[in-house]
Amino acid sequence: MTEDDWEILEKWNSDPVVMYYAGDVGGYSPDMVRRIYRGVSQNAFCFIIEFKGKPIGETWLQKMNLKRILVKFPDEDIRRVDIMIGEKKLWGQGIGTAVVGMLVDFGFSEEHADAILGCDVDKSNVRSFKMFKRLGFEVFSEIKRTTEEGMEIHDMILRRRST
């Protein structure tokens, strides 16, 4: 991911349907998109996902930044993976599973993370929830948020296997 990707990132981050499934109702302004990605990139490997030579989404593997997680693993290298498939016509085709699987492999083999989490996974986002389960992630914590939608979100964890 580079600053040459602003236009496509702004498109996906302003699409209300894409943002609903990314867990953010409403979307972001171009200025906010730039602040988010510039901030995340300071502690993450950020990528544009391409399919058949075209950008279709974004993902990152980030050093854990959520206090609720860090306090539970004070002496461990914990990472989080985030993903957004911005091109809706490609949803449900296994691309996200393949990409997150590659990030997990990278996180464990190259970065030597102790665990990788998918954070704030909305249980109503069935595709995302099943993707993490298919890759071996387990529900680590459940958080119920009081919203109009009555969201039930989960942090899902995958621990590095001992060899």
# chains A, B, ... in the order shown; residues from 1 in each chain; ligands from 1
>>> residues_around(residues="Gly101 of chain A", least_positions_apart="4", cutoff="7 Å", atoms="only C-alpha atoms", output="PyMOL selection string")
chain A and resi 97+105+135
>>> select_by_dssp(residues="segment 44-163 of chain A", states="helix (DSSP H, G or I)", output="number ranges by chain")
A: 67-70, 88-90, 95-109, 126-134
>>> write_last_selection(atoms="N, CA and C atoms", output="tab-separated table (two decimals), in the first residue's frame")
chain	number	residue	atom	x	y	z
A	67	LYS	N	-5.93	-1.81	24.23
A	67	LYS	CA	-5.56	-2.01	25.63
A	67	LYS	C	-6.24	-3.24	26.23
A	68	ARG	N	-7.51	-3.48	25.86
A	68	ARG	CA	-8.24	-4.62	26.43
A	68	ARG	C	-7.57	-5.95	26.09
A	69	ILE	N	-6.82	-5.99	25.01
A	69	ILE	CA	-6.08	-7.20	24.63
A	69	ILE	C	-4.70	-7.19	25.27
A	70	LEU	N	-4.02	-6.07	25.19
A	70	LEU	CA	-2.65	-5.98	25.71
A	70	LEU	C	-2.54	-6.32	27.19
A	88	LYS	N	-17.54	-5.39	-3.88
A	88	LYS	CA	-18.60	-6.26	-3.38
A	88	LYS	C	-18.87	-7.47	-4.28
A	89	LYS	N	-18.67	-7.32	-5.57
A	89	LYS	CA	-18.97	-8.45	-6.47
A	89	LYS	C	-18.03	-9.63	-6.24
A	90	LEU	N	-16.95	-9.41	-5.50
A	90	LEU	CA	-16.00	-10.48	-5.21
A	90	LEU	C	-16.16	-11.06	-3.81
A	95	ILE	N	-11.48	-15.16	-1.32
A	95	ILE	CA	-10.29	-14.31	-1.44
A	95	ILE	C	-9.83	-13.85	-0.06
A	96	GLY	N	-10.76	-13.43	0.78
A	96	GLY	CA	-10.41	-12.98	2.12
A	96	GLY	C	-9.75	-14.09	2.92
A	97	THR	N	-10.26	-15.30	2.82
A	97	THR	CA	-9.68	-16.43	3.53
A	97	THR	C	-8.24	-16.66	3.09
A	98	ALA	N	-8.00	-16.62	1.78
A	98	ALA	CA	-6.64	-16.82	1.26
A	98	ALA	C	-5.71	-15.72	1.75
A	99	VAL	N	-6.17	-14.48	1.72
A	99	VAL	CA	-5.33	-13.35	2.13
A	99	VAL	C	-5.01	-13.42	3.62
A	100	VAL	N	-6.02	-13.63	4.45
A	100	VAL	CA	-5.78	-13.71	5.90
A	100	VAL	C	-4.89	-14.91	6.21
A	101	GLY	N	-5.07	-16.00	5.50
A	101	GLY	CA	-4.19	-17.16	5.69
A	101	GLY	C	-2.73	-16.81	5.41
A	102	MET	N	-2.48	-16.04	4.36
A	102	MET	CA	-1.12	-15.61	4.06
A	102	MET	C	-0.57	-14.68	5.14
A	103	LEU	N	-1.41	-13.77	5.64
A	103	LEU	CA	-0.96	-12.88	6.72
A	103	LEU	C	-0.65	-13.65	7.99
A	104	VAL	N	-1.45	-14.64	8.30
A	104	VAL	CA	-1.21	-15.48	9.47
A	104	VAL	C	0.14	-16.20	9.32
A	105	ASP	N	0.37	-16.80	8.16
A	105	ASP	CA	1.65	-17.48	7.91
A	105	ASP	C	2.81	-16.50	8.08
A	106	PHE	N	2.69	-15.32	7.51
A	106	PHE	CA	3.73	-14.29	7.62
A	106	PHE	C	3.92	-13.88	9.08
A	107	GLY	N	2.83	-13.66	9.78
A	107	GLY	CA	2.90	-13.22	11.18
A	107	GLY	C	3.61	-14.23	12.07
A	108	PHE	N	3.36	-15.50	11.85
A	108	PHE	CA	3.98	-16.52	12.68
A	108	PHE	C	5.40	-16.86	12.21
A	109	SER	N	5.59	-17.06	10.91
A	109	SER	CA	6.89	-17.53	10.43
A	109	SER	C	7.94	-16.43	10.32
A	126	VAL	N	-21.59	-12.86	8.77
A	126	VAL	CA	-21.41	-14.31	8.75
A	126	VAL	C	-20.17	-14.72	7.94
A	127	ARG	N	-19.95	-14.07	6.80
A	127	ARG	CA	-18.79	-14.43	5.97
A	127	ARG	C	-17.49	-14.23	6.74
A	128	SER	N	-17.35	-13.10	7.38
A	128	SER	CA	-16.13	-12.80	8.12
A	128	SER	C	-15.95	-13.75	9.31
A	129	PHE	N	-17.02	-13.95	10.06
A	129	PHE	CA	-16.96	-14.83	11.22
A	129	PHE	C	-16.54	-16.24	10.80
A	130	LYS	N	-17.16	-16.77	9.74
A	130	LYS	CA	-16.84	-18.11	9.26
A	130	LYS	C	-15.41	-18.19	8.71
A	131	MET	N	-14.93	-17.10	8.08
A	131	MET	CA	-13.58	-17.08	7.55
A	131	MET	C	-12.57	-17.30	8.67
A	132	PHE	N	-12.74	-16.54	9.77
A	132	PHE	CA	-11.81	-16.69	10.89
A	132	PHE	C	-11.90	-18.10	11.48
A	133	LYS	N	-13.11	-18.63	11.63
A	133	LYS	CA	-13.27	-19.98	12.17
A	133	LYS	C	-12.61	-21.01	11.25
A	134	ARG	N	-12.79	-20.85	9.95
A	134	ARG	CA	-12.21	-21.78	8.97
A	134	ARG	C	-10.68	-21.80	9.08
>>> closest_residue(among="A:Val121, A:Leu158, A:Phe45, A:Glu152", to="Phe137 of chain A", atoms="only C-alpha atoms")
A:Leu158
>>> closest_residue(among="A:Gly57, A:Gln62, A:Lys52, A:Asn43", to="Glu10 of chain A", atoms="only C-alpha atoms")
A:Gly57
>>> closest_residue(among="A:Ile157, A:Met1, A:Arg38, A:Tyr20", to="Arg80 of chain A", atoms="only C-alpha atoms")
A:Ile157
>>> closest_residue(among="A:Ser141, A:Ser29, A:Asn65, A:Thr2", to="Lys123 of chain A", atoms="only C-alpha atoms")
A:Ser141
>>> atom_distance(atom1="atom CA of Trp6 of chain A", atom2="atom CA of Val81 of chain A")
20.4 Å
>>> select_by_dssp(residues="chain A", states="strand (DSSP E)", output="PyMOL selection string")
chain A and resi 44-51+54-63+78-85+115-122+138-144+152-159
>>> closest_residue(among="A:Ser14, A:Gln42, A:Asn125, A:Gln93", to="Leu61 of chain A", atoms="only C-alpha atoms")
A:Gln42
